[in-house]
Each structure stands twice: as structure tokens, then as C-alpha cells.
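Asker: Contents of work_6.csv (CSV, C-alpha atoms and all ligand atoms):
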chain,number,residue,atom,x,y,z
A,1,MET,CA,66.6,247.1,62.8
A,2,ASP,CA,66.4,248.8,59.4
A,3,LEU,CA,66.0,252.5,59.9
A,4,CYS,CA,64.4,254.7,57.2
A,5,THR,CA,66.3,257.6,55.5
A,6,GLY,CA,67.2,260.4,57.9
A,7,VAL,CA,67.1,258.3,61.0
A,8,THR,CA,70.2,257.4,63.0
A,9,ILE,CA,71.0,256.1,66.6
A,10,ALA,CA,73.4,257.8,69.0
A,11,LYS,CA,74.3,257.6,72.7
A,12,LYS,CA,73.5,260.4,75.1
A,13,GLY,CA,75.0,259.4,78.5
A,14,LYS,CA,73.8,255.9,79.1
A,15,ILE,CA,70.8,256.4,76.8
A,16,ASP,CA,70.2,255.5,73.2
A,17,THR,CA,68.7,258.3,71.3
A,18,ILE,CA,67.1,258.4,67.8
A,19,HIS,CA,68.1,261.4,65.6
A,20,ILE,CA,65.6,262.3,62.9
A,21,ASP,CA,66.5,264.7,60.0
A,22,THR,CA,63.7,265.6,57.6
A,23,PRO,CA,63.4,268.2,54.9
A,24,TYR,CA,61.4,270.3,57.3
A,25,SER,CA,62.8,269.7,60.8
A,26,THR,CA,65.0,267.7,63.1
A,27,ALA,CA,64.1,265.9,66.2
A,28,ILE,CA,65.7,263.7,68.9
A,29,VAL,CA,63.9,261.0,70.8
A,30,SER,CA,65.3,259.1,73.8
A,31,LEU,CA,64.6,255.3,73.8
A,32,PHE,CA,64.7,255.6,77.6
A,33,GLY,CA,61.2,256.7,78.4
A,34,GLY,CA,60.0,257.0,74.8
A,35,HIS,CA,60.9,260.6,75.4
A,36,VAL,CA,61.0,263.3,72.7
A,37,LEU,CA,63.9,265.6,73.6
A,38,SER,CA,64.1,268.1,70.8
A,39,PHE,CA,62.1,269.4,67.9
A,40,ILE,CA,63.6,272.1,65.6
A,41,PRO,CA,61.7,273.3,62.5
A,42,LYS,CA,64.2,274.3,59.8
A,43,HIS,CA,62.2,277.4,58.7
A,44,ASP,CA,63.2,279.3,61.9
A,45,ASN,CA,65.7,277.0,63.6
A,46,ARG,CA,63.9,277.6,66.9
A,47,GLU,CA,64.0,274.7,69.4
A,48,ARG,CA,60.4,274.2,70.5
A,49,LEU,CA,61.2,272.0,73.5
A,50,TRP,CA,63.0,272.9,76.7
A,51,LEU,CA,65.5,270.4,78.2
A,52,SER,CA,67.2,271.1,81.5
A,53,ASN,CA,70.9,271.6,81.3
A,54,ASN,CA,71.0,269.5,84.5
A,55,ALA,CA,68.8,266.7,83.1
A,56,ILE,CA,70.1,263.3,84.2
A,57,PHE,CA,70.7,260.7,81.4
A,58,ASP,CA,71.5,257.7,83.7
A,59,GLY,CA,68.7,255.5,82.3
A,60,LYS,CA,67.1,255.5,85.8
A,61,LYS,CA,65.8,259.0,86.6
A,62,PRO,CA,63.0,260.6,84.5
A,63,ILE,CA,64.5,263.1,82.1
A,64,ARG,CA,63.7,266.7,83.0
A,65,GLY,CA,62.3,268.4,80.0
A,66,GLY,CA,61.2,267.4,76.5
A,67,VAL,CA,57.9,265.4,76.4
A,68,PRO,CA,57.7,262.9,79.3
A,69,VAL,CA,55.1,260.2,78.7
A,70,CYS,CA,52.9,260.0,81.8
A,71,TRP,CA,50.9,256.7,81.8
A,72,PRO,CA,48.8,254.9,83.1
A,73,TRP,CA,48.1,257.6,85.6
A,74,PHE,CA,48.9,261.3,86.0
A,75,SER,CA,50.7,262.7,89.0
A,76,ASP,CA,50.2,260.2,91.9
A,77,ALA,CA,47.8,257.3,91.3
A,78,HIS,CA,44.9,259.0,92.9
A,79,ASN,CA,42.5,256.2,92.3
A,80,GLN,CA,44.8,253.7,94.0
A,81,ASP,CA,45.9,255.9,96.9
A,82,ARG,CA,49.3,254.2,96.8
A,83,SER,CA,52.3,256.3,97.7
A,84,ASP,CA,54.7,253.6,96.6
A,85,LEU,CA,53.7,254.0,93.0
A,86,PRO,CA,55.9,256.3,90.8
A,87,SER,CA,54.6,259.8,90.0
A,88,HIS,CA,53.2,260.0,86.5
A,89,GLY,CA,53.4,256.2,86.0
A,90,TYR,CA,56.2,254.0,85.0
A,91,LEU,CA,56.6,254.3,81.2
A,92,ARG,CA,59.0,257.3,81.4
A,93,THR,CA,61.5,255.2,83.2
A,94,GLN,CA,61.3,252.2,80.9
A,95,LYS,CA,63.4,251.3,77.9
A,96,TRP,CA,61.4,251.6,74.7
A,97,SER,CA,62.1,249.9,71.4
A,98,ILE,CA,61.6,250.9,67.8
A,99,ILE,CA,58.8,249.0,66.1
A,100,ASN,CA,59.3,250.7,62.7
A,101,THR,CA,60.4,253.9,61.0
A,102,SER,CA,59.0,255.2,57.8
A,103,TYR,CA,59.9,258.1,55.5
A,104,GLU,CA,57.5,260.2,53.4
A,105,PRO,CA,58.4,263.5,51.7
A,106,SER,CA,56.1,265.3,54.2
A,107,LYS,CA,57.1,263.5,57.4
A,108,THR,CA,59.1,260.7,59.1
A,109,THR,CA,57.1,258.4,61.4
A,110,ILE,CA,58.6,256.5,64.3
A,111,LYS,CA,56.6,253.9,66.2
A,112,LEU,CA,57.9,252.9,69.7
A,113,VAL,CA,56.7,250.5,72.4
A,114,PRO,CA,57.8,250.1,76.0
A,115,GLU,CA,59.3,247.0,77.5
A,116,SER,CA,56.1,246.3,79.2
A,117,HIS,CA,52.8,248.0,79.5
A,118,GLN,CA,52.1,246.3,82.9
A,119,GLY,CA,53.8,247.3,86.1
A,120,PRO,CA,53.2,247.9,89.8
A,121,GLY,CA,49.6,249.2,90.2
A,122,TRP,CA,48.6,248.2,86.6
A,123,GLN,CA,48.2,244.5,85.8
A,124,VAL,CA,45.5,244.7,83.1
A,125,ASN,CA,46.2,243.9,79.4
A,126,THR,CA,46.4,247.4,77.7
A,127,PRO,CA,49.1,247.5,75.1
A,128,VAL,CA,50.5,251.0,74.7
A,129,SER,CA,52.6,252.6,71.9
A,130,LEU,CA,53.9,256.0,70.8
A,131,ILE,CA,53.6,257.1,67.2
A,132,ILE,CA,55.8,260.2,66.5
A,133,GLU,CA,55.4,262.1,63.2
A,134,ILE,CA,58.2,264.6,62.4
A,135,GLY,CA,57.7,267.1,59.6
A,136,LYS,CA,56.6,270.7,59.5
A,137,THR,CA,55.1,270.0,62.9
A,138,LEU,CA,55.8,267.4,65.7
A,139,LYS,CA,52.8,265.2,66.2
A,140,ILE,CA,52.9,262.7,69.1
A,141,ALA,CA,50.1,260.1,69.6
A,142,LEU,CA,50.1,258.0,72.8
A,143,GLN,CA,47.9,255.0,71.9
A,144,THR,CA,46.3,252.6,74.4
A,145,VAL,CA,44.3,249.5,73.5
A,146,ASN,CA,42.1,247.8,76.0
A,147,MET,CA,42.6,244.1,75.5
A,148,HIS,CA,41.1,243.4,79.0
A,149,ASP,CA,37.6,242.1,79.4
A,150,GLU,CA,36.4,245.0,81.5
A,151,PRO,CA,36.6,248.9,81.2
A,152,VAL,CA,39.8,250.4,82.7
A,153,ALA,CA,40.1,253.9,84.2
A,154,LEU,CA,43.0,255.5,82.2
A,155,ASN,CA,44.8,258.8,83.0
A,156,CYS,CA,47.8,259.8,81.0
A,157,ALA,CA,49.6,262.9,79.7
A,158,LEU,CA,52.1,264.2,77.1
A,159,HIS,CA,53.9,266.4,79.7
A,160,THR,CA,55.5,268.8,77.3
A,161,TYR,CA,58.1,271.4,78.4
A,162,PHE,CA,58.1,274.3,76.0
A,163,ASN,CA,61.1,276.4,75.4
A,164,ILE,CA,60.5,280.1,76.0
A,165,ALA,CA,62.6,283.3,76.3
A,166,ASN,CA,61.1,284.6,79.5
A,167,ILE,CA,58.3,283.2,81.7
A,168,GLU,CA,57.4,286.7,82.8
A,169,THR,CA,56.5,287.8,79.3
A,170,VAL,CA,54.7,284.6,78.2
A,171,LYS,CA,50.9,284.6,77.5
A,172,LEU,CA,48.7,281.6,76.9
A,173,SER,CA,45.5,281.8,74.9
A,174,GLY,CA,42.8,279.2,74.1
A,175,LEU,CA,42.0,278.1,77.7
A,176,SER,CA,38.6,278.9,79.3
A,177,GLY,CA,36.3,277.6,82.1
A,178,LYS,CA,37.4,276.2,85.4
A,179,TYR,CA,40.7,274.9,86.5
A,180,ARG,CA,41.8,273.1,89.7
A,181,ASP,CA,44.8,274.6,91.4
A,182,LYS,CA,47.3,272.2,93.0
A,183,THR,CA,49.0,275.0,94.8
A,184,LYS,CA,45.8,275.9,96.5
A,185,ASP,CA,44.8,272.4,97.7
A,186,TRP,CA,43.1,271.7,94.3
A,187,ALA,CA,40.5,274.4,94.8
A,188,SER,CA,38.5,275.4,91.6
A,189,PHE,CA,39.0,278.8,89.9
A,190,ASP,CA,38.0,280.6,86.7
A,191,THR,CA,40.6,280.7,83.9
A,192,PRO,CA,42.0,284.3,83.6
A,193,ALA,CA,41.3,286.0,80.3
A,194,ASP,CA,44.9,287.4,80.5
A,195,TYR,CA,46.8,284.2,81.1
A,196,VAL,CA,50.2,285.3,82.4
A,197,PHE,CA,52.8,283.9,84.9
A,198,ASN,CA,54.1,285.6,88.1
A,199,GLN,CA,54.2,282.7,90.6
A,200,GLU,CA,54.3,278.9,90.9
A,201,THR,CA,51.6,277.7,88.6
A,202,ASP,CA,50.2,274.1,88.7
A,203,ARG,CA,46.7,273.9,87.2
A,204,VAL,CA,44.5,271.2,85.7
A,205,HIS,CA,42.1,272.9,83.3
A,206,LEU,CA,39.0,270.9,82.9
A,207,ASP,CA,38.7,272.2,79.4
A,208,GLN,CA,39.3,270.5,76.0
A,209,PRO,CA,40.5,273.2,73.6
A,210,GLU,CA,41.7,272.0,70.3
A,211,GLN,CA,44.3,274.8,70.1
A,212,ILE,CA,46.4,276.7,72.6
A,213,ASP,CA,48.8,279.4,71.6
A,214,ILE,CA,51.9,280.2,73.5
A,215,THR,CA,53.0,283.8,72.8
A,216,ASP,CA,56.5,284.8,74.1
A,217,ASN,CA,57.2,288.3,73.0
A,218,HIS,CA,57.2,288.0,69.2
A,219,LEU,CA,57.6,284.2,69.3
A,220,HIS,CA,54.5,282.0,68.8
A,221,THR,CA,54.1,278.3,69.4
A,222,LYS,CA,50.8,276.5,68.4
A,223,VAL,CA,49.8,273.5,70.5
A,224,LEU,CA,47.0,271.2,69.0
A,225,SER,CA,45.4,268.6,71.2
A,226,SER,CA,42.9,265.7,70.8
A,227,GLY,CA,41.8,262.8,72.8
A,228,HIS,CA,42.2,264.8,76.0
A,229,ASP,CA,39.8,265.7,78.8
A,230,SER,CA,42.1,268.4,80.3
A,231,ILE,CA,45.1,270.6,79.8
A,232,VAL,CA,47.7,270.9,82.6
A,233,VAL,CA,49.8,274.1,82.9
A,234,TRP,CA,52.8,274.1,85.1
A,235,ASN,CA,55.7,276.3,86.0
A,236,PRO,CA,57.6,275.4,89.3
A,237,TRP,CA,58.8,279.0,89.8
A,238,ALA,CA,62.0,279.9,91.7
A,239,GLN,CA,62.0,278.0,95.0
A,240,ASN,CA,61.0,274.6,93.4
A,241,SER,CA,63.4,275.3,90.6
A,242,ARG,CA,66.2,275.6,93.1
A,243,ASN,CA,65.0,272.5,95.0
A,244,MET,CA,65.1,270.2,91.9
A,245,ASN,CA,68.7,268.8,91.4
A,246,ASP,CA,67.9,268.2,87.7
A,247,MET,CA,66.9,271.8,87.1
A,248,GLU,CA,69.0,274.9,87.0
A,249,ASP,CA,68.1,277.5,89.6
A,250,LEU,CA,66.7,279.9,87.0
A,251,GLY,CA,65.5,277.1,84.7
A,252,TYR,CA,61.8,278.0,85.5
A,253,GLN,CA,62.3,281.3,83.5
A,254,LYS,CA,62.9,279.4,80.3
A,255,MET,CA,60.1,276.8,80.3
A,256,VAL,CA,56.4,276.4,80.6
A,257,CYS,CA,54.6,273.0,80.6
A,258,VAL,CA,51.4,272.8,78.5
A,259,GLU,CA,50.3,269.2,78.8
A,260,THR,CA,47.7,267.4,76.7
A,261,ALA,CA,46.1,265.0,79.3
A,262,LEU,CA,43.5,262.6,80.5
A,263,THR,CA,43.2,263.4,84.2
A,264,GLN,CA,39.5,262.5,84.9
A,265,GLU,CA,39.8,258.7,84.7
A,266,TYR,CA,38.7,258.1,81.1
A,267,SER,CA,36.8,254.8,80.9
A,268,LEU,CA,38.5,252.8,78.2
A,269,LEU,CA,36.1,250.1,77.1
A,270,PRO,CA,37.0,246.5,76.2
A,271,GLY,CA,38.4,246.5,72.7
A,272,GLU,CA,38.6,250.3,72.5
A,273,THR,CA,41.7,252.1,71.2
A,274,HIS,CA,42.4,255.6,72.6
A,275,GLN,CA,44.8,258.1,71.2
A,276,LEU,CA,46.1,261.1,73.2
A,277,ILE,CA,47.6,263.4,70.6
A,278,GLN,CA,49.6,266.6,70.9
A,279,GLU,CA,50.9,268.4,67.8
A,280,ILE,CA,53.4,271.3,68.0
A,281,GLY,CA,54.0,273.9,65.3
B,301,LIG,O1,52.3,268.4,85.5
B,301,LIG,C1,52.5,269.1,86.7
B,301,LIG,C2,53.1,268.2,87.7
B,301,LIG,O2,52.2,267.2,88.1
B,301,LIG,C3,53.6,269.1,88.9
B,301,LIG,O3,52.7,268.9,90.0
B,301,LIG,C4,55.0,268.6,89.1
B,301,LIG,O4,55.0,267.4,90.0
B,301,LIG,C5,55.4,268.2,87.7
B,301,LIG,O5,54.2,267.5,87.2
B,301,LIG,C6,56.7,267.5,87.5
B,301,LIG,O6,56.6,266.2,88.0
B,301,LIG,P1,57.9,265.3,88.0
B,301,LIG,O7,57.5,264.0,88.6
B,301,LIG,O8,58.4,265.1,86.6
B,301,LIG,O9,59.0,266.0,88.8
Could you write out this file's structure as C-alpha cells?
Answerer:
Amino acid sequence: MDLCTGVTIAKKGKIDTIHIDTPYSTAIVSLFGGHVLSFIPKHDNRERLWLSNNAIFDGKKPIRGGVPVCWPWFSDAHNQDRSDLPSHGYLRTQKWSIINTSYEPSKTTIKLVPESHQGPGWQVNTPVSLIIEIGKTLKIALQTVNMHDEPVALNCALHTYFNIANIETVKLSGLSGKYRDKTKDWASFDTPADYVFNQETDRVHLDQPEQIDITDNHLHTKVLSSGHDSIVVWNPWAQNSRNMNDMEDLGYQKMVCVETALTQEYSLLPGETHQLIQEIG
């Protein structure tokens, strides 16, 4: 595989990772899971993504942190009611391969595909790929094409873990309307104007904002989304953090998930191409 300028391959545990160095930023992508692990703009050298210090790189367990690719369902496969199916689908535990890499002065583009887009619970013909653009921003497009002869109900998410200084000083802006709260049996609530964190937070916002801002003291991260029908916000808080073996006990204090998602069973028509896009600045 010829790699474009600034792109190299290295091992991390049992996993092959792609290292991308551009004039504006650096990034690391795991070929296990098609999983972006790091994005650091060079103008401030601030890591935008959180990665657990206890993350497991055995090529079997999903990596805790970065940008897990959830597809072709989000969380459990609600519409199939099958507890045997893996949470968040099966792409984040597959080996992906590089289709091509390309360099332009403004950005480097990497296109990846998984070993198979079919798996237990999903036997329709819907090729999926990930197009990652690394430059002044990190832009990730999860693309699905319906080559099947009938509509398919697609859920998916770019489950991004953002790196923050302190969850108790973080504020989100840009969300409005109703959200469904997993911690309260999926009951519906109004989005608070002052969006802060002081407990386990696990919310599906049925809102499609183009931009969300994460403010963390004086640090600001911009999250642009498109192709989504919802935004998921998650912080496991202390007890869950302690209970997860791939997360440090206090890991919850340094991360917040803001996920660009399809959670309402998007009907992908025969021949239709859908892109779920998240861009981080
Ligand atoms: O996106 C929020 C969520 O669905 C939470 O309910 C929690 O399960 C989180 O994803 C992490 O899931 P994982 O399977 O990666 O442990």
C-alpha cells in the first residue's frame, strides 16, 4: 500500500495504527475498529480526544476513548430486541483496511473500509466506509450505501470522547428541545439552558444542531455535525467509571462524550448514500 506524504504505520499493542502528520495537526487512527485515537492541532498542541489510560489494545475489546464507530445500530439493537448482538454494532471490533491516502496542502485524507459490512443481525448489502480528513480540523464521515433492493433502518454514531480539564467546570452550548434520559428509564426532559455536569449523564437529544460548543474553563472545542437526527451526551460519572476495567477510577473527570448520531432508525432508501459527519475544531 503506497501511503501519501506524512502518513506512516506503527504498532500499538496488537493493533496497527496510522500516524498522520500534516502542516496543521497530527492524528492517530487505529486500523482495529477504524477508530480515531488522537487529534492535536499544531496551533495550540491541545489533544482534542480523550483516550483511557486503561484502554485495551488487544484487537478484541472496543477501545475506550477516541472516536468509536457505532454501526449499524446504536447501543443495543432496539429494533431487533436481540441481547446477543454487540452494543453499538460490530464495526468497532473489526479490522479495517486503508483504501487510499491523499495529501493536499490543506488536509490529508484517509479512506478506510471494514473487513465486512455484514454481520450477525445485519445481512443486507450496505457497504460502509470511513473518510477521515486531517487538517486545521478533524472531519470524519461515516458513509453507508444501500445496495439492497429495499429500505433499511439505519442507526449509527460517531461516539466521540472529548478531552477536558474538569467535567465539573464544562458547559455545553448549542443543544435545545427535548432529550431522552437513559438514566431515568428513557423519560423525556427539556434541555437545560445552562448545560453543566454534576451526575451520571446519558442523554439522547432529539435535536439536530449544526454546531455544539464545549467550553471548559478557558478552553473551547467546536463540534460540527451533519447527517444526524440526534446528539448523544454521555458521562458515566464516578461509580460507572470505577466499574469499567478499561477506565481509570477518576477518568470520568477528564472526558465528555458528544456524539453525532442517527438513533431514530433513518430509512436509507435503495441506492441512497448517507454520510454521518462530525468535524472537530
Ligand atoms: O453513548 C452512550 C452509551 O450508549 C452509554 O449508555 C454507554 O453504554 C456508552 O455508550 C459506552 O458504551 P460502551 O459499549 O462503549 O461501553
Asker: Which is closest to Ala153 in chain A among A:Glu115, A:Asp58, A:Glu265, A:Asp202, if we use only C-alpha atoms?
Answerer: A:Glu265
Asker: Of the candidates A:Lys139, A:His43, A:His35, A:His19, which shows the shortest atom-to-atom distance to Ser225 in chain A, using all atoms listed in the file?
Answerer: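 Smallest distance to Ser225 in chain A is found for A:Lys139.
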Asker: In the coordinates of the file, take the point (67.6, 255.7, 60.9) and a cut-off of 8 Å; then, counting all atoms listed in the file, name each qualifying protein, DNA or RNA residue as a PDB file with C-alpha atoms, in the coordinates of the input.
Answerer:
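To be explicit, this is the file written out as point.pdb:
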ATOM      1  CA  ASP A   2      66.400 248.800  59.400  1.00  0.00           C
ATOM      2  CA  LEU A   3      66.000 252.500  59.900  1.00  0.00           C
ATOM      3  CA  CYS A   4      64.400 254.700  57.200  1.00  0.00           C
ATOM      4  CA  THR A   5      66.300 257.600  55.500  1.00  0.00           C
ATOM      5  CA  GLY A   6      67.200 260.400  57.900  1.00  0.00           C
ATOM      6  CA  VAL A   7      67.100 258.300  61.000  1.00  0.00           C
ATOM      7  CA  THR A   8      70.200 257.400  63.000  1.00  0.00           C
ATOM      8  CA  ILE A   9      71.000 256.100  66.600  1.00  0.00           C
ATOM      9  CA  ILE A  18      67.100 258.400  67.800  1.00  0.00           C
ATOM     10  CA  HIS A  19      68.100 261.400  65.600  1.00  0.00           C
ATOM     11  CA  ILE A  20      65.600 262.300  62.900  1.00  0.00           C
ATOM     12  CA  THR A 101      60.400 253.900  61.000  1.00  0.00           C
TER      13      THR A 101
END
Asker: Return as a PyMOL selection string the residues of protein, DNA or RNA that approach ligand LIG 301 (chain B) to within 8 Å, with all atoms listed in the file taken into account.
Answerer: chain A and resi 62-64+68+74-75+87-88+159+182+202-203+232-236+257+259
Asker: Which of these, A:His205, A:Arg180, A:His274, A:Lys14, has the shortest distance to Leu154 in chain A once you count only C-alpha atoms?
Answerer: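 Answer, going by the shortest atom-to-atom distance: A:His274.
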Asker: Which is closer to Pro270 in chain A than all the others in A:Lys178, A:His148, A:His228, A:His218, using only C-alpha atoms?
Answerer: A:His148
Asker: Using all atoms listed in the file, which residue out of A:Asn53, A:Asn163, A:Gln239, A:Ser129 lies closest to Met255 in chain A?
Answerer: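 Looking at the shortest contact to Met255 in chain A, the residue is A:Asn163.
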Asker: Should you be able to, write range 1-12 of chain A of this structure into a file that contains all heavy atoms, as a CSV table (one decimal), in the first residue's frame.
Answerer:
chain,number,residue,atom,x,y,z
A,1,MET,N,0.9,-1.2,0.0
A,1,MET,CA,0.0,0.0,0.0
A,1,MET,C,0.9,1.2,0.0
A,1,MET,O,1.7,1.4,0.9
A,1,MET,CB,-0.9,0.0,1.2
A,1,MET,CG,-1.5,1.3,1.7
A,1,MET,SD,-2.6,2.1,0.6
A,1,MET,CE,-4.0,0.9,0.5
A,2,ASP,N,0.8,2.1,-1.0
A,2,ASP,CA,1.5,3.3,-1.0
A,2,ASP,C,0.8,4.3,-0.1
A,2,ASP,O,-0.4,4.5,-0.3
A,2,ASP,CB,1.6,3.9,-2.5
A,2,ASP,CG,2.5,3.0,-3.4
A,2,ASP,OD1,3.4,2.4,-2.8
A,2,ASP,OD2,2.3,3.0,-4.6
A,3,LEU,N,1.6,4.9,0.8
A,3,LEU,CA,1.0,5.9,1.7
A,3,LEU,C,1.4,7.3,1.3
A,3,LEU,O,2.6,7.5,0.9
A,3,LEU,CB,1.4,5.6,3.1
A,3,LEU,CG,1.0,4.2,3.7
A,3,LEU,CD1,1.7,4.0,5.0
A,3,LEU,CD2,-0.5,4.1,3.8
A,4,CYS,N,0.6,8.3,1.4
A,4,CYS,CA,0.9,9.6,0.9
A,4,CYS,C,1.9,10.3,2.0
A,4,CYS,O,2.1,9.7,3.1
A,4,CYS,CB,-0.3,10.5,0.8
A,4,CYS,SG,-1.1,10.9,2.3
A,5,THR,N,2.4,11.4,1.6
A,5,THR,CA,3.4,12.1,2.5
A,5,THR,C,2.8,12.3,3.9
A,5,THR,O,1.6,12.7,4.0
A,5,THR,CB,3.8,13.4,1.9
A,5,THR,OG1,4.9,14.0,2.7
A,5,THR,CG2,2.7,14.4,1.8
A,6,GLY,N,3.6,12.1,4.9
A,6,GLY,CA,3.1,12.4,6.3
A,6,GLY,C,2.3,11.3,6.9
A,6,GLY,O,1.9,11.4,8.0
A,7,VAL,N,2.2,10.1,6.2
A,7,VAL,CA,1.4,9.0,6.8
A,7,VAL,C,2.3,7.8,7.0
A,7,VAL,O,3.1,7.4,6.0
A,7,VAL,CB,0.2,8.6,5.8
A,7,VAL,CG1,-0.5,7.4,6.4
A,7,VAL,CG2,-0.8,9.8,5.7
A,8,THR,N,2.3,7.3,8.2
A,8,THR,CA,3.2,6.1,8.5
A,8,THR,C,2.3,5.1,9.3
A,8,THR,O,1.3,5.5,9.8
A,8,THR,CB,4.4,6.5,9.3
A,8,THR,OG1,4.0,7.2,10.5
A,8,THR,CG2,5.3,7.4,8.5
A,9,ILE,N,2.8,3.9,9.4
A,9,ILE,CA,2.1,2.8,10.1
A,9,ILE,C,2.9,2.4,11.3
A,9,ILE,O,4.2,2.3,11.2
A,9,ILE,CB,1.8,1.6,9.3
A,9,ILE,CG1,1.0,2.0,8.0
A,9,ILE,CG2,1.1,0.5,10.1
A,9,ILE,CD1,-0.4,2.4,8.3
A,10,ALA,N,2.3,2.2,12.5
A,10,ALA,CA,3.1,1.7,13.7
A,10,ALA,C,2.2,0.8,14.5
A,10,ALA,O,0.9,0.9,14.4
A,10,ALA,CB,3.5,2.9,14.5
A,11,LYS,N,2.8,0.0,15.3
A,11,LYS,CA,2.1,-0.9,16.2
A,11,LYS,C,1.7,-0.2,17.5
A,11,LYS,O,2.5,0.5,18.0
A,11,LYS,CB,2.9,-2.2,16.5
A,11,LYS,CG,2.9,-3.3,15.4
A,11,LYS,CD,1.6,-4.0,15.4
A,11,LYS,CE,1.7,-5.3,14.5
A,11,LYS,NZ,0.3,-5.9,14.3
A,12,LYS,N,0.5,-0.5,18.0
A,12,LYS,CA,0.2,-0.1,19.4
A,12,LYS,C,-0.4,-1.3,20.1
A,12,LYS,O,-1.5,-1.7,19.7
A,12,LYS,CB,-0.8,1.1,19.4
A,12,LYS,CG,-1.1,1.6,20.8
A,12,LYS,CD,-2.0,2.8,20.8
A,12,LYS,CE,-2.3,3.4,22.2
A,12,LYS,NZ,-1.1,4.0,22.8
